[in-house]
Structures are given as structure tokens and as C-alpha cells.
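J.: My structure is below; once you've seen it, I'll send some questions.
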Amino acid sequence: MRILIIEDEIALADALQQILQKNKYLTDACHDGVSGLDCAMTGIYDVIILDINLPKMNGFDVLRALRINRISTPVLLLTARDEISDKVAGLDIGADDYMTKPFNTEELLARIRSLGRRNAGVVCENILKFSDISLNLSTYELTCGDSSMKLGLKEFCIMELFLRSGSAIISKEQLIEKVWGYDSNAEYNNVEVYISFIRKKLLHIKSAVTVKTVRGVGYCLSCGR
Ligand code: CA
């Protein structure tokens, strides 16, 4: 999952990124409302953590603009304000959840897991499934029958994206945006290398699932049987 943090307190934004990265989320951070909205409009994020008091454009206006433009990414408002009226206003404009600072890390992670599940396909207790394989979102293990393998961060993120998409085709551009990030210098070669790692691991755990190359388009999961 890729999470966008829009927070102008740099120290807090950095701390959030560290906490989330430690929990295997990919993150990007913006420190004002305008650049935050720009990033959020790409639609590549699974969850957006949004502060209300922001320079250039406040969080309410960012959220309003997102919803008007039909970006339905779940938004968690994170703010120092704890006035009931702010909470109501945020939820009315289309926020999905609300937390006041200072926040408890475990609670924040639980809320993010819950927001992430809203977009997911088949999720049961943090496990994504497709055909004979399952991916544990807590342990990052890919399992088929009795065999399991732990995935590296990028492999995990790619596999998670595949499993959340079912058998839909995912383009190399989508993989790069989602796994390497919008501004990254990652190239098609990087994607190919990681896809080959994943193919080896699927073989190793003796799964019938393969990553099929759809020439000129991208990749999709396919069940060989
Ligand atoms: Ca702020």
C-alpha cells in the first residue's frame, strides 16, 4: 500500500513516514495543501493522511477538491483540533476517519489497516488470496500449501498490488508509480528484475500461479491449472 502524508510539521511528517515504512507501507510526504492536492490527484494512493491547518490550502479545501474530482482515496484527517464541529465538517466533506494529535501509534496503524481494507478485494484477517496462494500482510509471507517464503519490501508491494487487482492487467507504469513512487528514476528494467524474483518465488513454493507478461501492456496473475 502506498500512503500520502500531507502535513506541514516536518518533524511529525518524518516520524509518520518512519512509522509507516517500518510497517512496510510505501510513503510520500507533502508539506503544504497545494502540493498535497497535486500528489493526491494522481490517484495512486491507497490512503491519504491529511492535516487540517496547512499552508497555501487547508485540509478541508484539499479534501473538497479531491471529492469534487472523484478521487475516492480513503482520507484520514489528522489534526491538532479536537473540536466536534471540525470533526463533523471533515466527515461531511468526505473524510473517512479522524484522529487528533497527539495520537497513539498502534491506533493510527489500526485505522490505516481498516481504511486500506475498504479498497481491497478478498481480505480476511490481513490475508490476500488468489487461487492457491495467499499473502500475509502482517508477516509479508507468500504461502502455497505448506510452503512459505518471506518477500522483500518491493516484492511484497508488487505482489500486494497484483492480489488486490485479481487477474486484472497491471501496466509497468502503474507498477513504477505505485512501488517506486511518482518521482522515482526507476525504469522498466527494475520492474522486470523484480517480476523475475517473484516468478522464482512462486516456483519455489510450487504454486500454479504465474505472472504472465501481456506484451506491450503489462503483467497479470494467471492460474496455470
Ligand atoms: Ca498543521
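Ordering of the C-alpha cells sets the chain letters (A, B, ...); residue numbers start at 1 within each chain; ligands are numbered from 1 in the order shown.
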Please return as a CSV table (one decimal) with N, CA and C atoms, in the first residue's frame the residues found within 6 Å of ligand 1, counting only C-alpha atoms and all ligand atoms.
T.:
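What follows is the written file result_29.csv:
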```csv
chain,number,residue,atom,x,y,z
A,7,GLU,N,1.2,17.0,5.6
A,7,GLU,CA,1.4,17.5,7.0
A,7,GLU,C,2.6,18.5,6.9
A,8,ASP,N,2.3,19.8,7.5
A,8,ASP,CA,3.3,20.8,7.4
A,8,ASP,C,4.3,20.8,8.5
A,9,GLU,N,4.0,20.1,9.6
A,9,GLU,CA,5.1,19.9,10.6
A,9,GLU,C,6.1,18.9,10.2
A,51,ASP,N,-3.6,16.6,7.2
A,51,ASP,CA,-3.7,17.6,8.3
A,51,ASP,C,-4.7,18.7,7.9
A,53,ASN,N,-4.8,22.2,9.4
A,53,ASN,CA,-4.2,23.5,9.3
A,53,ASN,C,-2.9,23.4,8.4
A,54,LEU,N,-3.0,23.8,7.2
A,54,LEU,CA,-1.9,23.7,6.2
A,54,LEU,C,-1.6,25.0,5.5
```
J.: Report as a list of chain:residue names all protein, DNA and RNA residues lying within 10 Å of segment 171-174 of chain A, evaluated on only C-alpha atoms, omitting residues in the same chain fewer than 4 positions from it.
T.: A:Ile44, A:Leu161, A:Lys178, A:Val179, A:Trp180, A:Gly181, A:Tyr182, A:Ala186, A:Glu187, A:Tyr188, A:Asn189, A:Asn190, A:Val191, A:Glu192, A:Thr213, A:Val214, A:Gly216, A:Val217, A:Gly218, A:Tyr219, A:Cys220
J.: Which one is closest to Asp61 of chain A: A:Ile3, A:Ile48, A:Leu26, A:Val34? Count only C-alpha atoms.
T.: A:Val34
J.: May I have the residues within 12 Å of segment 113-115 of chain A as number ranges by chain, using only C-alpha atoms and disregarding those fewer than 2 positions away in the same chain?
T.: A: 1-3, 20, 23-25, 45-49, 72-77, 95-98, 106-111, 117-120, 123-127, 137-138
J.: DSSP on the backbone: what in segment 9-218 of chain A comes out strand (DSSP E or B), as number ranges by chain?
T.: A: 26-30, 47-50, 75-79, 97-100, 123-124, 127-130, 133-136, 141-144, 147-150, 170-171, 209-214, 218
J.: Can you work out which one of A:Val209, A:Asn185, A:Glu177, A:Ala29 has the shortest atom-to-atom distance to Ala11 of chain A, counting only C-alpha atoms?
T.: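 Checking each candidate against Ala11 of chain A, we get A:Ala29 as the closest.
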J.: Check the DSSP output for the backbone and give back, as a PDB file with all heavy atoms, in the first residue's frame, the residues of segment 113-190 of chain A in alpha helix (DSSP H).
T.:
```
ATOM      1  N   ARG A 113      -4.968   0.298   8.557  1.00  0.00           N
ATOM      2  CA  ARG A 113      -5.300  -1.054   8.070  1.00  0.00           C
ATOM      3  C   ARG A 113      -6.771  -1.122   7.684  1.00  0.00           C
ATOM      4  O   ARG A 113      -7.132  -1.668   6.652  1.00  0.00           O
ATOM      5  CB  ARG A 113      -5.006  -2.105   9.147  1.00  0.00           C
ATOM      6  CG  ARG A 113      -3.532  -2.472   9.264  1.00  0.00           C
ATOM      7  CD  ARG A 113      -3.358  -3.758  10.054  1.00  0.00           C
ATOM      8  NE  ARG A 113      -3.785  -3.660  11.442  1.00  0.00           N
ATOM      9  CZ  ARG A 113      -3.025  -3.180  12.442  1.00  0.00           C
ATOM     10  NH1 ARG A 113      -1.798  -2.765  12.199  1.00  0.00           N
ATOM     11  NH2 ARG A 113      -3.494  -3.125  13.673  1.00  0.00           N
ATOM     12  N   SER A 114      -7.609  -0.526   8.524  1.00  0.00           N
ATOM     13  CA  SER A 114      -9.038  -0.572   8.267  1.00  0.00           C
ATOM     14  C   SER A 114      -9.399   0.216   7.005  1.00  0.00           C
ATOM     15  O   SER A 114     -10.192  -0.241   6.180  1.00  0.00           O
ATOM     16  CB  SER A 114      -9.774  -0.057   9.504  1.00  0.00           C
ATOM     17  OG  SER A 114     -10.981   0.538   9.140  1.00  0.00           O
ATOM     18  N   LEU A 115      -8.777   1.375   6.803  1.00  0.00           N
ATOM     19  CA  LEU A 115      -9.051   2.160   5.588  1.00  0.00           C
ATOM     20  C   LEU A 115      -8.537   1.422   4.352  1.00  0.00           C
ATOM     21  O   LEU A 115      -9.178   1.440   3.305  1.00  0.00           O
ATOM     22  CB  LEU A 115      -8.386   3.540   5.678  1.00  0.00           C
ATOM     23  CG  LEU A 115      -9.008   4.502   6.687  1.00  0.00           C
ATOM     24  CD1 LEU A 115      -8.196   5.784   6.761  1.00  0.00           C
ATOM     25  CD2 LEU A 115     -10.444   4.814   6.312  1.00  0.00           C
ATOM     26  N   GLY A 116      -7.378   0.766   4.482  1.00  0.00           N
ATOM     27  CA  GLY A 116      -6.803   0.029   3.357  1.00  0.00           C
ATOM     28  C   GLY A 116      -7.700  -1.107   2.921  1.00  0.00           C
ATOM     29  O   GLY A 116      -7.780  -1.438   1.747  1.00  0.00           O
ATOM     30  N   ARG A 117      -8.391  -1.707   3.884  1.00  0.00           N
ATOM     31  CA  ARG A 117      -9.270  -2.840   3.571  1.00  0.00           C
ATOM     32  C   ARG A 117     -10.450  -2.421   2.713  1.00  0.00           C
ATOM     33  O   ARG A 117     -11.004  -3.214   1.983  1.00  0.00           O
ATOM     34  CB  ARG A 117      -9.796  -3.481   4.861  1.00  0.00           C
ATOM     35  CG  ARG A 117      -8.829  -4.468   5.454  1.00  0.00           C
ATOM     36  CD  ARG A 117      -9.522  -5.363   6.458  1.00  0.00           C
ATOM     37  NE  ARG A 117      -9.911  -4.660   7.674  1.00  0.00           N
ATOM     38  CZ  ARG A 117      -9.129  -4.526   8.744  1.00  0.00           C
ATOM     39  NH1 ARG A 117      -7.921  -5.044   8.734  1.00  0.00           N
ATOM     40  NH2 ARG A 117      -9.546  -3.891   9.806  1.00  0.00           N
ATOM     41  N   ARG A 118     -10.839  -1.142   2.792  1.00  0.00           N
ATOM     42  CA  ARG A 118     -12.024  -0.702   2.039  1.00  0.00           C
ATOM     43  C   ARG A 118     -11.831  -0.842   0.529  1.00  0.00           C
ATOM     44  O   ARG A 118     -12.782  -1.021  -0.199  1.00  0.00           O
ATOM     45  CB  ARG A 118     -12.342   0.756   2.342  1.00  0.00           C
ATOM     46  CG  ARG A 118     -12.709   0.930   3.766  1.00  0.00           C
ATOM     47  CD  ARG A 118     -13.350   2.266   3.993  1.00  0.00           C
ATOM     48  NE  ARG A 118     -13.519   2.426   5.424  1.00  0.00           N
ATOM     49  CZ  ARG A 118     -13.951   3.517   6.013  1.00  0.00           C
ATOM     50  NH1 ARG A 118     -14.264   4.553   5.272  1.00  0.00           N
ATOM     51  NH2 ARG A 118     -14.078   3.580   7.308  1.00  0.00           N
ATOM     52  N   LEU A 153      10.675  -6.021   0.525  1.00  0.00           N
ATOM     53  CA  LEU A 153       9.683  -4.934   0.516  1.00  0.00           C
ATOM     54  C   LEU A 153       9.077  -4.697  -0.864  1.00  0.00           C
ATOM     55  O   LEU A 153       7.865  -4.640  -1.021  1.00  0.00           O
ATOM     56  CB  LEU A 153      10.308  -3.642   1.047  1.00  0.00           C
ATOM     57  CG  LEU A 153       9.389  -2.416   1.012  1.00  0.00           C
ATOM     58  CD1 LEU A 153       8.132  -2.648   1.838  1.00  0.00           C
ATOM     59  CD2 LEU A 153      10.101  -1.172   1.503  1.00  0.00           C
ATOM     60  N   LYS A 154       9.909  -4.575  -1.885  1.00  0.00           N
ATOM     61  CA  LYS A 154       9.373  -4.277  -3.216  1.00  0.00           C
ATOM     62  C   LYS A 154       8.588  -5.466  -3.765  1.00  0.00           C
ATOM     63  O   LYS A 154       7.538  -5.291  -4.382  1.00  0.00           O
ATOM     64  CB  LYS A 154      10.496  -3.861  -4.158  1.00  0.00           C
ATOM     65  CG  LYS A 154      11.046  -2.481  -3.800  1.00  0.00           C
ATOM     66  CD  LYS A 154      11.504  -1.719  -5.008  1.00  0.00           C
ATOM     67  CE  LYS A 154      11.625  -0.227  -4.746  1.00  0.00           C
ATOM     68  NZ  LYS A 154      12.300   0.148  -3.509  1.00  0.00           N
ATOM     69  N   GLU A 155       9.112  -6.664  -3.558  1.00  0.00           N
ATOM     70  CA  GLU A 155       8.377  -7.860  -4.000  1.00  0.00           C
ATOM     71  C   GLU A 155       7.002  -7.903  -3.333  1.00  0.00           C
ATOM     72  O   GLU A 155       5.986  -8.188  -3.970  1.00  0.00           O
ATOM     73  CB  GLU A 155       9.132  -9.141  -3.616  1.00  0.00           C
ATOM     74  CG  GLU A 155      10.481  -9.312  -4.280  1.00  0.00           C
ATOM     75  CD  GLU A 155      11.321 -10.385  -3.607  1.00  0.00           C
ATOM     76  OE1 GLU A 155      10.951 -10.883  -2.536  1.00  0.00           O
ATOM     77  OE2 GLU A 155      12.375 -10.713  -4.158  1.00  0.00           O
ATOM     78  N   PHE A 156       7.008  -7.606  -2.034  1.00  0.00           N
ATOM     79  CA  PHE A 156       5.758  -7.616  -1.269  1.00  0.00           C
ATOM     80  C   PHE A 156       4.773  -6.598  -1.848  1.00  0.00           C
ATOM     81  O   PHE A 156       3.597  -6.901  -2.060  1.00  0.00           O
ATOM     82  CB  PHE A 156       6.046  -7.307   0.203  1.00  0.00           C
ATOM     83  CG  PHE A 156       4.826  -7.035   1.030  1.00  0.00           C
ATOM     84  CD1 PHE A 156       4.014  -8.077   1.451  1.00  0.00           C
ATOM     85  CD2 PHE A 156       4.482  -5.743   1.380  1.00  0.00           C
ATOM     86  CE1 PHE A 156       2.874  -7.830   2.210  1.00  0.00           C
ATOM     87  CE2 PHE A 156       3.349  -5.485   2.129  1.00  0.00           C
ATOM     88  CZ  PHE A 156       2.546  -6.528   2.546  1.00  0.00           C
ATOM     89  N   CYS A 157       5.257  -5.394  -2.126  1.00  0.00           N
ATOM     90  CA  CYS A 157       4.369  -4.341  -2.635  1.00  0.00           C
ATOM     91  C   CYS A 157       3.812  -4.701  -4.013  1.00  0.00           C
ATOM     92  O   CYS A 157       2.650  -4.433  -4.315  1.00  0.00           O
ATOM     93  CB  CYS A 157       5.110  -3.010  -2.694  1.00  0.00           C
ATOM     94  SG  CYS A 157       5.557  -2.407  -1.069  1.00  0.00           S
ATOM     95  N   ILE A 158       4.660  -5.305  -4.847  1.00  0.00           N
ATOM     96  CA  ILE A 158       4.194  -5.710  -6.177  1.00  0.00           C
ATOM     97  C   ILE A 158       3.141  -6.809  -6.046  1.00  0.00           C
ATOM     98  O   ILE A 158       2.076  -6.763  -6.656  1.00  0.00           O
ATOM     99  CB  ILE A 158       5.383  -6.200  -7.041  1.00  0.00           C
ATOM    100  CG1 ILE A 158       6.316  -5.029  -7.354  1.00  0.00           C
ATOM    101  CG2 ILE A 158       4.880  -6.847  -8.323  1.00  0.00           C
ATOM    102  CD1 ILE A 158       7.630  -5.439  -8.004  1.00  0.00           C
ATOM    103  N   MET A 159       3.438  -7.789  -5.198  1.00  0.00           N
ATOM    104  CA  MET A 159       2.514  -8.910  -5.023  1.00  0.00           C
ATOM    105  C   MET A 159       1.194  -8.430  -4.437  1.00  0.00           C
ATOM    106  O   MET A 159       0.115  -8.877  -4.843  1.00  0.00           O
ATOM    107  CB  MET A 159       3.190  -9.925  -4.086  1.00  0.00           C
ATOM    108  CG  MET A 159       2.884 -11.362  -4.374  1.00  0.00           C
ATOM    109  SD  MET A 159       3.097 -11.811  -6.082  1.00  0.00           S
ATOM    110  CE  MET A 159       1.805 -13.030  -6.207  1.00  0.00           C
ATOM    111  N   GLU A 160       1.276  -7.496  -3.491  1.00  0.00           N
ATOM    112  CA  GLU A 160       0.065  -6.954  -2.885  1.00  0.00           C
ATOM    113  C   GLU A 160      -0.798  -6.279  -3.955  1.00  0.00           C
ATOM    114  O   GLU A 160      -2.014  -6.456  -4.007  1.00  0.00           O
ATOM    115  CB  GLU A 160       0.431  -5.950  -1.785  1.00  0.00           C
ATOM    116  CG  GLU A 160      -0.785  -5.441  -1.041  1.00  0.00           C
ATOM    117  CD  GLU A 160      -0.483  -4.306  -0.079  1.00  0.00           C
ATOM    118  OE1 GLU A 160       0.641  -3.780  -0.096  1.00  0.00           O
ATOM    119  OE2 GLU A 160      -1.399  -3.944   0.676  1.00  0.00           O
ATOM    120  N   LEU A 161      -0.138  -5.534  -4.828  1.00  0.00           N
ATOM    121  CA  LEU A 161      -0.854  -4.855  -5.903  1.00  0.00           C
ATOM    122  C   LEU A 161      -1.539  -5.866  -6.826  1.00  0.00           C
ATOM    123  O   LEU A 161      -2.708  -5.712  -7.196  1.00  0.00           O
ATOM    124  CB  LEU A 161       0.143  -3.981  -6.683  1.00  0.00           C
ATOM    125  CG  LEU A 161      -0.386  -3.055  -7.764  1.00  0.00           C
ATOM    126  CD1 LEU A 161      -1.428  -2.105  -7.207  1.00  0.00           C
ATOM    127  CD2 LEU A 161       0.770  -2.246  -8.364  1.00  0.00           C
ATOM    128  N   PHE A 162      -0.818  -6.924  -7.171  1.00  0.00           N
ATOM    129  CA  PHE A 162      -1.417  -7.974  -8.013  1.00  0.00           C
ATOM    130  C   PHE A 162      -2.631  -8.589  -7.324  1.00  0.00           C
ATOM    131  O   PHE A 162      -3.689  -8.741  -7.926  1.00  0.00           O
ATOM    132  CB  PHE A 162      -0.400  -9.090  -8.299  1.00  0.00           C
ATOM    133  CG  PHE A 162       0.511  -8.799  -9.461  1.00  0.00           C
ATOM    134  CD1 PHE A 162       1.884  -8.912  -9.323  1.00  0.00           C
ATOM    135  CD2 PHE A 162      -0.002  -8.443 -10.698  1.00  0.00           C
ATOM    136  CE1 PHE A 162       2.738  -8.654 -10.392  1.00  0.00           C
ATOM    137  CE2 PHE A 162       0.841  -8.182 -11.778  1.00  0.00           C
ATOM    138  CZ  PHE A 162       2.209  -8.289 -11.617  1.00  0.00           C
ATOM    139  N   LEU A 163      -2.469  -8.947  -6.052  1.00  0.00           N
ATOM    140  CA  LEU A 163      -3.540  -9.665  -5.357  1.00  0.00           C
ATOM    141  C   LEU A 163      -4.754  -8.769  -5.140  1.00  0.00           C
ATOM    142  O   LEU A 163      -5.882  -9.233  -5.133  1.00  0.00           O
ATOM    143  CB  LEU A 163      -3.040 -10.223  -4.031  1.00  0.00           C
ATOM    144  CG  LEU A 163      -2.057 -11.387  -4.189  1.00  0.00           C
ATOM    145  CD1 LEU A 163      -1.469 -11.775  -2.852  1.00  0.00           C
ATOM    146  CD2 LEU A 163      -2.711 -12.588  -4.828  1.00  0.00           C
ATOM    147  N   ARG A 164      -4.530  -7.480  -4.976  1.00  0.00           N
ATOM    148  CA  ARG A 164      -5.666  -6.576  -4.813  1.00  0.00           C
ATOM    149  C   ARG A 164      -6.372  -6.331  -6.149  1.00  0.00           C
ATOM    150  O   ARG A 164      -7.472  -5.824  -6.182  1.00  0.00           O
ATOM    151  CB  ARG A 164      -5.207  -5.233  -4.220  1.00  0.00           C
ATOM    152  CG  ARG A 164      -4.884  -5.310  -2.739  1.00  0.00           C
ATOM    153  CD  ARG A 164      -4.539  -3.940  -2.195  1.00  0.00           C
ATOM    154  NE  ARG A 164      -3.988  -4.007  -0.857  1.00  0.00           N
ATOM    155  CZ  ARG A 164      -4.721  -4.059   0.268  1.00  0.00           C
ATOM    156  NH1 ARG A 164      -6.021  -4.049   0.186  1.00  0.00           N
ATOM    157  NH2 ARG A 164      -4.143  -4.124   1.437  1.00  0.00           N
ATOM    158  N   LYS A 172       3.366  -1.582 -16.571  1.00  0.00           N
ATOM    159  CA  LYS A 172       4.658  -1.287 -15.943  1.00  0.00           C
ATOM    160  C   LYS A 172       4.647   0.118 -15.342  1.00  0.00           C
ATOM    161  O   LYS A 172       5.228   0.351 -14.295  1.00  0.00           O
ATOM    162  CB  LYS A 172       5.784  -1.402 -16.973  1.00  0.00           C
ATOM    163  CG  LYS A 172       6.088  -2.834 -17.338  1.00  0.00           C
ATOM    164  CD  LYS A 172       7.250  -2.908 -18.304  1.00  0.00           C
ATOM    165  CE  LYS A 172       7.506  -4.350 -18.714  1.00  0.00           C
ATOM    166  NZ  LYS A 172       8.571  -4.465 -19.716  1.00  0.00           N
ATOM    167  N   GLU A 173       3.960   1.047 -16.009  1.00  0.00           N
ATOM    168  CA  GLU A 173       3.876   2.410 -15.470  1.00  0.00           C
ATOM    169  C   GLU A 173       3.186   2.398 -14.109  1.00  0.00           C
ATOM    170  O   GLU A 173       3.626   3.063 -13.176  1.00  0.00           O
ATOM    171  CB  GLU A 173       3.077   3.334 -16.412  1.00  0.00           C
ATOM    172  CG  GLU A 173       3.787   3.728 -17.687  1.00  0.00           C
ATOM    173  CD  GLU A 173       3.670   2.658 -18.772  1.00  0.00           C
ATOM    174  OE1 GLU A 173       3.033   1.611 -18.541  1.00  0.00           O
ATOM    175  OE2 GLU A 173       4.235   2.867 -19.865  1.00  0.00           O
ATOM    176  N   GLN A 174       2.092   1.647 -14.016  1.00  0.00           N
ATOM    177  CA  GLN A 174       1.380   1.574 -12.732  1.00  0.00           C
ATOM    178  C   GLN A 174       2.279   0.996 -11.652  1.00  0.00           C
ATOM    179  O   GLN A 174       2.292   1.478 -10.522  1.00  0.00           O
ATOM    180  CB  GLN A 174       0.134   0.685 -12.858  1.00  0.00           C
ATOM    181  CG  GLN A 174      -1.044   1.361 -13.522  1.00  0.00           C
ATOM    182  CD  GLN A 174      -2.175   0.371 -13.761  1.00  0.00           C
ATOM    183  OE1 GLN A 174      -1.983  -0.689 -14.354  1.00  0.00           O
ATOM    184  NE2 GLN A 174      -3.355   0.699 -13.291  1.00  0.00           N
ATOM    185  N   LEU A 175       3.030  -0.060 -12.006  1.00  0.00           N
ATOM    186  CA  LEU A 175       3.932  -0.673 -11.023  1.00  0.00           C
ATOM    187  C   LEU A 175       4.991   0.321 -10.568  1.00  0.00           C
ATOM    188  O   LEU A 175       5.271   0.434  -9.379  1.00  0.00           O
ATOM    189  CB  LEU A 175       4.601  -1.922 -11.608  1.00  0.00           C
ATOM    190  CG  LEU A 175       3.729  -3.174 -11.645  1.00  0.00           C
ATOM    191  CD1 LEU A 175       4.382  -4.250 -12.493  1.00  0.00           C
ATOM    192  CD2 LEU A 175       3.487  -3.698 -10.242  1.00  0.00           C
ATOM    193  N   TYR A 188      11.841   0.489 -16.599  1.00  0.00           N
ATOM    194  CA  TYR A 188      11.193  -0.792 -16.880  1.00  0.00           C
ATOM    195  C   TYR A 188      12.063  -1.971 -16.448  1.00  0.00           C
ATOM    196  O   TYR A 188      11.557  -2.979 -15.991  1.00  0.00           O
ATOM    197  CB  TYR A 188      10.872  -0.900 -18.366  1.00  0.00           C
ATOM    198  CG  TYR A 188       9.715  -0.031 -18.790  1.00  0.00           C
ATOM    199  CD1 TYR A 188       9.331   0.041 -20.125  1.00  0.00           C
ATOM    200  CD2 TYR A 188       8.987   0.704 -17.860  1.00  0.00           C
ATOM    201  CE1 TYR A 188       8.254   0.826 -20.514  1.00  0.00           C
ATOM    202  CE2 TYR A 188       7.926   1.488 -18.244  1.00  0.00           C
ATOM    203  CZ  TYR A 188       7.559   1.549 -19.570  1.00  0.00           C
ATOM    204  OH  TYR A 188       6.505   2.312 -19.962  1.00  0.00           O
ATOM    205  N   ASN A 189      13.402  -1.824 -16.588  1.00  0.00           N
ATOM    206  CA  ASN A 189      14.307  -2.900 -16.186  1.00  0.00           C
ATOM    207  C   ASN A 189      14.113  -3.299 -14.730  1.00  0.00           C
ATOM    208  O   ASN A 189      14.143  -4.473 -14.399  1.00  0.00           O
ATOM    209  CB  ASN A 189      15.773  -2.459 -16.323  1.00  0.00           C
ATOM    210  CG  ASN A 189      16.170  -2.373 -17.771  1.00  0.00           C
ATOM    211  OD1 ASN A 189      15.438  -2.850 -18.630  1.00  0.00           O
ATOM    212  ND2 ASN A 189      17.310  -1.764 -18.034  1.00  0.00           N
ATOM    213  N   ASN A 190      13.961  -2.263 -13.858  1.00  0.00           N
ATOM    214  CA  ASN A 190      13.774  -2.550 -12.435  1.00  0.00           C
ATOM    215  C   ASN A 190      12.548  -3.438 -12.237  1.00  0.00           C
ATOM    216  O   ASN A 190      12.572  -4.389 -11.467  1.00  0.00           O
ATOM    217  CB  ASN A 190      13.542  -1.261 -11.640  1.00  0.00           C
ATOM    218  CG  ASN A 190      14.702  -0.310 -11.730  1.00  0.00           C
ATOM    219  OD1 ASN A 190      14.906   0.304 -12.771  1.00  0.00           O
ATOM    220  ND2 ASN A 190      15.470  -0.198 -10.673  1.00  0.00           N
TER     221      ASN A 190
END
```
J.: Which residue, A:Ala65, A:Ile205, A:Val193, A:Ile169, has the smallest gap to Lys150 of chain A when you use only C-alpha atoms?
T.: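 For Lys150 of chain A, the nearest of the candidates is A:Ile205.
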J.: Which residues come within 8 Å of Pro55 of chain A, counting only C-alpha atoms, excluding same-chain residues fewer than 3 positions away, as a VMD selection string?
T.: chain A and resid 8 31 to 33 58
J.: Need to verify the contact set: segment 92-94 of chain A, 8 Å, only C-alpha atoms, exclusion of same-chain residues closer than 3 positions in sequence. Can you return it as a ChimeraX atom specification?
T.: /A:60,63-64,67,75,88-89
J.: Give the answer as one residue: which of A:Ile19, A:Val62, A:Thr139, A:Cys30 has the shortest atom-to-atom distance to Asn104 of chain A, using only C-alpha atoms?
T.: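 Once distances to Asn104 of chain A are computed over only C-alpha atoms, the minimum belongs to A:Ile19.
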J.: Report the distance between atom CA of Met41 of chain A and atom CA of Lys56 of chain A in Å, rounded to one decimal place.
T.: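 We find that atom CA of Met41 of chain A and atom CA of Lys56 of chain A lie 16.5 Å from each other.
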